[in-house]
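Trainee: Contents of query04.txt (compact mmCIF, C-alpha atoms):
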```
# COMPACT_ATOMS: atom_id res chain seq x y z
CA MET G 1 -17.86 0.09 17.58
CA HIS G 2 -18.71 3.80 17.55
CA ASP G 3 -16.22 6.63 17.46
CA ARG G 4 -15.85 10.39 17.27
CA ILE G 5 -12.83 10.52 15.02
CA ALA G 6 -14.50 12.48 12.22
CA VAL G 7 -15.86 15.08 14.66
CA LEU G 8 -12.53 15.40 16.44
CA ARG G 9 -10.68 15.73 13.14
CA ALA G 10 -13.03 18.49 12.04
CA ASP G 11 -12.71 20.21 15.42
CA ARG G 12 -8.91 20.10 15.37
CA GLY G 13 -8.57 20.75 11.64
CA VAL G 14 -6.70 17.51 11.09
CA SER G 15 -6.91 15.72 7.76
CA ARG G 16 -7.36 11.98 7.50
CA LYS G 17 -3.88 11.68 6.06
CA GLU G 18 -2.30 13.65 8.91
CA LEU G 19 -3.99 11.46 11.49
CA ALA G 20 -3.07 8.30 9.58
CA ASP G 21 0.58 9.35 9.36
CA ALA G 22 0.63 10.15 13.07
CA VAL G 23 -0.79 6.80 14.17
CA GLY G 24 0.96 4.66 11.55
CA VAL G 25 -1.81 3.40 9.28
CA HIS G 26 -3.00 4.16 5.77
CA PRO G 27 -5.52 7.01 5.36
CA GLN G 28 -8.11 4.59 3.98
CA THR G 29 -8.00 2.69 7.27
CA ILE G 30 -8.94 5.84 9.18
CA GLY G 31 -11.84 6.23 6.75
CA TYR G 32 -13.00 2.67 7.34
CA VAL G 33 -12.84 3.21 11.11
CA GLU G 34 -14.84 6.44 10.80
CA ARG G 35 -17.48 4.68 8.70
CA GLY G 36 -17.72 1.91 11.29
CA GLU G 37 -16.57 -0.73 8.81
CA TYR G 38 -13.45 -1.63 10.73
CA SER G 39 -12.91 -1.96 14.47
CA PRO G 40 -9.34 -0.93 15.22
CA SER G 41 -7.01 -2.94 17.40
CA LEU G 42 -6.57 -1.79 20.98
CA ALA G 43 -3.11 -0.45 20.11
CA LEU G 44 -4.46 1.63 17.23
CA ALA G 45 -7.40 2.91 19.31
CA LEU G 46 -4.97 3.99 22.03
CA ARG G 47 -2.70 5.72 19.51
CA ILE G 48 -5.66 7.61 18.04
CA ALA G 49 -6.85 8.65 21.51
CA ARG G 50 -3.34 9.77 22.41
CA PHE G 51 -3.12 11.80 19.22
CA PHE G 52 -6.21 13.76 20.28
CA ASP G 53 -4.93 13.87 23.87
CA LEU G 54 -8.13 12.28 25.12
CA PRO G 55 -8.96 9.12 27.07
CA VAL G 56 -9.80 6.26 24.76
CA GLU G 57 -13.39 6.08 26.05
CA ALA G 58 -13.95 9.65 24.89
CA VAL G 59 -13.11 8.63 21.32
CA PHE G 60 -14.42 5.06 21.10
CA SER G 61 -17.47 3.38 22.58
CA LEU G 62 -19.42 0.17 22.20
CA ASP G 63 -22.63 2.22 22.46
CA PRO G 64 -23.62 5.13 20.25
CA LEU G 65 -21.84 8.26 21.44
CA PRO G 66 -23.88 11.39 22.21
CA SER G 67 -22.99 14.40 20.12
CA LEU G 68 -20.36 16.71 21.58
CA SER G 69 -22.81 19.63 21.68
CA GLU G 70 -25.27 17.54 23.72
CA GLU G 71 -22.55 16.55 26.11
CA LEU G 72 -21.34 20.13 26.45
CA LEU G 73 -24.88 21.30 27.14
CA ARG G 74 -25.33 18.60 29.78
CA ARG G 75 -22.12 19.58 31.54
CA THR G 76 -22.84 23.30 31.57
CA SER G 77 -26.46 22.98 32.69
CA MET E 1 3.61 -5.05 13.19
CA SER E 2 5.67 -1.91 13.19
CA THR E 3 3.90 1.29 14.07
CA HIS E 4 4.47 2.77 10.62
CA PRO E 5 4.04 0.64 7.52
CA GLN E 6 7.17 0.80 5.39
CA GLN E 7 6.58 2.59 2.12
CA THR E 8 8.55 0.48 -0.34
CA TYR E 9 8.68 1.39 -4.03
CA LEU E 10 6.09 -1.30 -4.77
CA ALA E 11 3.83 -0.04 -1.98
CA ARG E 12 4.06 3.54 -3.27
CA THR E 13 3.05 2.33 -6.74
CA PHE E 14 0.02 0.49 -5.41
CA ASP E 15 -0.98 3.51 -3.30
CA ASP E 16 -0.52 6.00 -6.13
CA SER E 17 -3.61 8.19 -6.45
CA ARG E 18 -3.35 8.11 -10.24
CA TYR E 19 -4.88 4.63 -10.07
CA ASP E 20 -7.89 5.58 -7.96
CA ARG E 21 -10.27 4.64 -10.77
CA ALA E 22 -9.06 1.05 -10.59
CA ARG E 23 -10.11 0.90 -6.94
CA SER E 24 -13.85 1.35 -7.44
CA ARG E 25 -15.86 -1.76 -6.69
CA ARG E 26 -17.28 -1.78 -10.22
CA THR E 27 -13.84 -1.79 -11.85
CA ARG E 28 -12.54 -4.43 -9.46
CA ARG E 29 -15.47 -6.72 -10.15
CA ARG E 30 -15.12 -6.29 -13.88
CA ALA E 31 -11.45 -7.20 -13.63
CA VAL E 32 -12.33 -10.34 -11.66
CA LEU E 33 -14.90 -11.39 -14.25
CA ALA E 34 -12.51 -10.71 -17.12
CA GLU E 35 -9.70 -12.66 -15.48
CA ALA E 36 -11.97 -15.60 -14.67
CA ALA E 37 -13.33 -15.61 -18.23
CA LEU E 38 -9.81 -15.55 -19.65
CA LEU E 39 -8.70 -18.51 -17.55
CA ALA E 40 -11.90 -20.42 -18.34
CA ALA E 41 -11.28 -19.81 -22.05
CA LEU E 42 -7.70 -21.07 -21.78
CA VAL E 43 -8.80 -24.20 -19.91
CA THR E 44 -11.45 -24.82 -22.56
CA ALA E 45 -8.90 -24.31 -25.35
CA THR E 46 -6.58 -26.80 -23.63
CA LEU E 47 -9.31 -29.42 -23.38
CA VAL E 48 -10.46 -28.85 -26.98
CA CYS E 49 -6.88 -29.14 -28.21
CA ALA E 50 -6.37 -32.34 -26.19
CA ALA E 51 -9.56 -33.81 -27.64
CA SER E 52 -8.56 -33.02 -31.22
CA PRO E 53 -6.70 -35.69 -33.20
CA GLN E 54 -3.61 -33.58 -33.91
CA GLY E 55 -3.02 -32.73 -30.22
CA TRP E 56 -0.60 -29.84 -29.54
CA SER E 57 -0.90 -27.41 -32.43
CA THR E 58 0.10 -23.97 -33.61
CA TRP E 59 -3.33 -22.44 -32.95
CA TYR E 60 -3.17 -23.57 -29.34
CA PHE E 61 0.28 -22.06 -28.92
CA VAL E 62 -1.02 -18.75 -30.33
CA VAL E 63 -4.09 -18.82 -28.06
CA TRP E 64 -1.94 -19.67 -25.02
CA THR E 65 0.55 -16.88 -25.75
CA ALA E 66 -2.18 -14.31 -26.39
CA GLY E 67 -3.98 -15.36 -23.21
CA MET E 68 -0.86 -15.11 -21.07
CA LEU E 69 0.02 -11.72 -22.55
CA GLY E 70 -3.54 -10.51 -21.97
CA PHE E 71 -3.37 -11.70 -18.39
CA ILE E 72 -0.54 -9.29 -17.53
CA PRO E 73 -2.44 -5.98 -17.89
CA LEU E 74 -5.61 -7.55 -16.54
CA HIS E 75 -3.93 -8.73 -13.37
CA SER E 76 -2.12 -5.41 -13.02
CA LEU E 77 -5.50 -3.67 -13.05
CA LEU E 78 -6.92 -6.10 -10.50
CA ASN E 79 -3.88 -5.73 -8.28
CA LEU E 80 -4.08 -1.94 -8.38
CA GLY E 81 -7.72 -2.25 -7.36
CA ILE E 82 -6.79 -4.09 -4.17
CA ARG E 83 -3.60 -2.10 -3.59
CA GLY E 84 -1.52 -5.21 -4.15
CA VAL E 85 -2.02 -6.45 -0.62
CA PHE E 86 -1.13 -10.03 -1.62
CA ASP E 87 2.11 -9.07 -3.33
CA ARG E 88 3.48 -6.53 -0.88
CA SER E 89 5.61 -7.19 2.13
CA SER E 90 3.58 -7.46 5.34
CA ARG E 91 5.70 -4.62 6.72
CA SER E 92 4.17 -2.25 4.17
CA LEU E 93 0.60 -3.15 5.20
CA ASP E 94 -1.26 -1.74 8.15
CA GLU E 95 -3.45 -3.84 10.45
CA HIS E 96 -6.62 -3.36 8.37
CA GLN E 97 -4.95 -4.39 5.12
CA GLN E 98 -3.44 -7.43 6.82
CA GLU E 99 -6.86 -8.36 8.14
CA LEU E 100 -8.39 -8.07 4.66
CA ARG E 101 -5.67 -10.30 3.28
CA GLU E 102 -6.12 -12.93 5.98
CA ARG E 103 -9.90 -12.87 5.60
CA SER E 104 -9.68 -13.65 1.89
CA TYR E 105 -7.08 -16.38 2.38
CA VAL E 106 -9.34 -18.06 4.94
CA ALA E 107 -12.49 -17.63 2.82
CA VAL E 108 -11.02 -19.41 -0.20
CA ALA E 109 -8.90 -21.99 1.62
CA TRP E 110 -11.12 -24.98 0.82
CA PRO E 111 -11.92 -24.06 -2.81
CA ALA E 112 -8.22 -23.39 -3.37
CA TRP E 113 -7.32 -26.77 -1.90
CA GLY E 114 -9.89 -28.38 -4.21
CA LEU E 115 -8.50 -26.59 -7.24
CA HIS E 116 -4.94 -27.60 -6.35
CA PHE E 117 -6.08 -31.20 -6.19
CA THR E 118 -8.00 -30.82 -9.47
CA ALA E 119 -4.89 -29.32 -11.10
CA PHE E 120 -2.84 -32.36 -10.21
CA ALA E 121 -5.56 -34.91 -10.95
CA GLY E 122 -6.60 -33.15 -14.16
CA ALA E 123 -3.06 -33.00 -15.50
CA VAL E 124 -2.43 -36.67 -14.72
CA ALA E 125 -5.78 -37.71 -16.22
CA LEU E 126 -5.20 -35.70 -19.38
CA VAL E 127 -1.75 -37.20 -19.93
CA ALA E 128 -3.06 -40.69 -19.21
CA LEU E 129 -5.91 -40.30 -21.70
CA THR E 130 -4.14 -38.45 -24.53
CA ASP E 131 -0.36 -38.89 -24.06
CA GLU E 132 -0.08 -35.10 -24.46
CA VAL E 133 2.40 -34.20 -21.71
CA ALA E 134 2.65 -30.53 -22.72
CA LEU E 135 -1.13 -30.09 -22.66
CA GLY E 136 -1.31 -31.86 -19.31
CA LEU E 137 1.24 -29.44 -17.91
CA CYS E 138 -0.69 -26.49 -19.38
CA LEU E 139 -3.95 -27.67 -17.81
CA GLY E 140 -2.29 -28.26 -14.46
CA PHE E 141 -0.61 -24.86 -14.59
CA LEU E 142 -3.87 -23.06 -15.44
CA LEU E 143 -5.79 -24.70 -12.59
CA TRP E 144 -2.91 -24.16 -10.17
CA MET E 145 -2.82 -20.48 -11.18
CA THR E 146 -6.59 -20.22 -10.71
CA ALA E 147 -6.25 -21.65 -7.21
CA GLY E 148 -3.69 -18.98 -6.40
CA LEU E 149 -5.92 -16.24 -7.81
CA LEU E 150 -8.99 -17.12 -5.76
CA ALA E 151 -7.90 -14.98 -2.81
CA TYR E 152 -7.31 -11.99 -5.13
CA TRP E 153 -10.76 -12.45 -6.66
CA HIS E 154 -12.42 -12.80 -3.28
CA LEU E 155 -10.90 -9.59 -1.96
CA ALA E 156 -11.50 -7.64 -5.16
CA TRP E 157 -15.11 -8.78 -5.21
CA THR E 158 -15.97 -8.27 -1.54
CA ALA E 159 -13.93 -5.25 -0.44
CA PRO E 160 -16.12 -2.20 0.16
CA ASP E 161 -15.54 1.00 -1.76
CA GLU E 162 -12.75 3.00 -0.22
CA PRO E 163 -13.60 6.18 1.69
CA THR E 164 -13.45 9.23 -0.54
CA ASP E 165 -10.21 11.15 -0.40
CA ALA E 166 -11.88 14.56 -0.42
CA ASP E 167 -10.56 15.58 2.95
CA LEU E 168 -7.14 13.96 2.83
```
Any chance you could give the structure as structure tokens?

Mentor:
Amino acid sequence: MHDRIAVLRADRGVSRKELADAVGVHPQTIGYVERGEYSPSLALALRIARFFDLPVEAVFSLDPLPSLSEELLRRTS
Amino acid sequence: MSTHPQQTYLARTFDDSRYDRARSRRTRRRAVLAEAALLAALVTATLVCAASPQGWSTWYFVVWTAGMLGFIPLHSLLNLGIRGVFDRSSRSLDEHQQELRERSYVAVAWPAWGLHFTAFAGAVALVALTDEVALGLCLGFLLWMTAGLLAYWHLAWTAPDEPTDADL
């Protein structure tokens, strides 16, 4: 599973610990998800998406996600 | 599971950042090897003592006591390395930690069953052959303990290095 958590955290200025506290897991688990070494449960994926106020498919995908800058460029062009 | 893992006193101890060095894969693997070597040495000492003509002896008692005392800090180190996921309440673990715990339990289920059987059979055989009940109990206890430790060893050996905490 691919995700944009690290990018979104950097964009929003949220630390791994803050996100972990908000969604109810340990900070290491967020790290494992970011590294692609753990696929979160549906409930956790939904909580993470809700934290960023985004639809879950904008944060997680079964296919590699395009970079946000690419997507922004595509939408504005 | 609850949304937020409960942070019990035990859980806080295992998550304490002062023990980060114990959580590196290298340290965890060394602790596994040391613990396995200690138990192998104690089993060997038990068998040597049982094979000797005098049976239960002072040197064996000293070796047993030293081994058990040495096991305490060694297992503490190992447990810190895996954040004590086998000894904490499930409520203090998040879904990933619970998955790691279940994975290791499943991976060692058959070897652990075999060791439990060997503990019983070995103890009975030793008593039958030597009439040394105390040594039979010691051998059975050591193998039973090893069976219980297999899941700890599996997790400590296979768990990937934790993500760095630089941006926590």

Trainee: Would you mind listing, for every residue of chain G within 10 Å of chain E, the two atoms forming the shortest contact and the distance between them in Å to one decimal, using all atoms listed in the file, sorted by chain and ascending residue number, as a tab-separated table?

Mentor:
```
residue	atom	partner	partner_atom	distance
G:Ala10	CA	E:Asp167	CA	9.9
G:Val14	CA	E:Leu168	CA	9.0
G:Ser15	CA	E:Leu168	CA	5.2
G:Arg16	CA	E:Leu168	CA	5.1
G:Lys17	CA	E:Leu168	CA	5.1
G:Glu18	CA	E:Leu168	CA	7.8
G:Leu19	CA	E:Leu168	CA	9.5
G:Ala20	CA	E:His4	CA	9.4
G:Asp21	CA	E:His4	CA	7.7
G:Ala22	CA	E:His4	CA	8.7
G:Val23	CA	E:Thr3	CA	7.2
G:Gly24	CA	E:His4	CA	4.1
G:Val25	CA	E:Asp94	CA	5.3
G:His26	CA	E:Asp94	CA	6.6
G:Pro27	CA	E:Leu168	CA	7.6
G:Gln28	CA	E:Pro163	CA	6.2
G:Thr29	CA	E:His96	CA	6.3
G:Ile30	CA	E:Pro163	CA	8.8
G:Gly31	CA	E:Pro163	CA	5.4
G:Tyr32	CA	E:Pro163	CA	6.7
G:Val33	CA	E:His96	CA	9.5
G:Glu34	CA	E:Pro163	CA	9.2
G:Arg35	CA	E:Pro163	CA	8.2
G:Glu37	CA	E:Pro160	CA	8.8
G:Tyr38	CA	E:His96	CA	7.4
G:Ser39	CA	E:His96	CA	8.9
G:Pro40	CA	E:His96	CA	7.8
G:Ser41	CA	E:Glu95	CA	7.9
G:Ala43	CA	E:Thr3	CA	9.4
G:Leu44	CA	E:Glu95	CA	8.8
G:Arg47	CA	E:Thr3	CA	9.6
```

Trainee: Hey, what's within 12 Å of stretch 61-76 of chain G if we count all atoms listed in the file and toss same-chain stuff fewer than 4 positions away? As a PDB file with C-alpha atoms, in the coordinates of the input, please?

Mentor:
```pdb
ATOM      1  CA  MET G   1     -17.860   0.090  17.580  1.00  0.00           C
ATOM      2  CA  HIS G   2     -18.710   3.800  17.550  1.00  0.00           C
ATOM      3  CA  ASP G   3     -16.220   6.630  17.460  1.00  0.00           C
ATOM      4  CA  ARG G   4     -15.850  10.390  17.270  1.00  0.00           C
ATOM      5  CA  ILE G   5     -12.830  10.520  15.020  1.00  0.00           C
ATOM      6  CA  ALA G   6     -14.500  12.480  12.220  1.00  0.00           C
ATOM      7  CA  VAL G   7     -15.860  15.080  14.660  1.00  0.00           C
ATOM      8  CA  LEU G   8     -12.530  15.400  16.440  1.00  0.00           C
ATOM      9  CA  ASP G  11     -12.710  20.210  15.420  1.00  0.00           C
ATOM     10  CA  GLY G  36     -17.720   1.910  11.290  1.00  0.00           C
ATOM     11  CA  SER G  39     -12.910  -1.960  14.470  1.00  0.00           C
ATOM     12  CA  PRO G  40      -9.340  -0.930  15.220  1.00  0.00           C
ATOM     13  CA  ALA G  45      -7.400   2.910  19.310  1.00  0.00           C
ATOM     14  CA  ALA G  49      -6.850   8.650  21.510  1.00  0.00           C
ATOM     15  CA  PRO G  55      -8.960   9.120  27.070  1.00  0.00           C
ATOM     16  CA  VAL G  56      -9.800   6.260  24.760  1.00  0.00           C
ATOM     17  CA  GLU G  57     -13.390   6.080  26.050  1.00  0.00           C
TER      18      GLU G  57
END
```

Trainee: Atom CA of E:Leu100 to atom CA of E:Pro73: how many Å, to one decimal?

Mentor: 23.4 Å

Trainee: Considering all atoms listed in the file, return as a ChimeraX atom specification whatever protein or nucleic-acid residues lie within 9 Å of E:Leu155, sequence-local ones (same chain, fewer than 3 positions apart) excluded.

Mentor: /E:82,100-101,103-105,150-152,158-159

Trainee: Would you please work out which residue, of E:Ala107, E:Leu129, E:Leu77, E:Met145, is nearest to E:Phe14 when using all atoms listed in the file?

Mentor: E:Leu77

Trainee: Just the number, please: distance in Å from atom CA of E:Val48 to atom CA of E:Leu143, one decimal.

Mentor: 15.7 Å

Trainee: Would you please work out which residue, of E:Arg18, E:Arg23, E:Arg91, E:His116, is nearest to E:Asn79 when using all atoms listed in the file?

Mentor: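 Smallest separation from E:Asn79 among the options: E:Arg23.
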
Trainee: Tell me, in Å to one decimal, how far atom CA of E:Thr44 is from atom CA of E:Thr27.

Mentor: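 Pair atom CA of E:Thr44 / atom CA of E:Thr27 returns 25.5 Å.
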
Trainee: Set the distance at 12 Å and use only C-alpha atoms: which residues neighbour E:Val133 once local chain neighbours fewer than 3 positions away are removed? I'd like the list as a list in words.

Mentor: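 Residues meeting the cut-off are Thr46, Ala50, Gly55, Trp56, Gly122, Ala123, Val124, Ala125, Leu126, Val127, Ala128, Leu129, Thr130, Gly136, Leu137, Cys138, Leu139 and Gly140 of chain E.
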
Trainee: Rank nothing, just name the residue among E:Phe71, E:Phe86, E:Trp110, E:Trp157 nearest to E:Leu142, using all atoms listed in the file.

Mentor: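 Using all atoms listed in the file, E:Leu142 sits closest to E:Phe71.
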
Trainee: Looking at E:Leu38, E:Val85, E:Ala45, E:Leu80, which one is nearest to E:Met68, with distances taken over only C-alpha atoms?

Mentor: E:Leu38

Trainee: Put a box with edges along x, y and z around all the listed atoms of stretch 153-156 of chain E, pad it by 6 Å on each side, then give me its centre and sizes in Å, one decimal, as AutoDock Vina command-line options.

Mentor:
```
--center_x -11.6 --center_y -10.2 --center_z -4.3 --size_x 13.7 --size_y 17.2 --size_z 16.7
```

Trainee: Between E:Gln98, E:Trp113, E:Val106, E:Arg83, which is the closest to E:Thr13 once you count only C-alpha atoms?

Mentor: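 Looking at the shortest contact to E:Thr13, the residue is E:Arg83.
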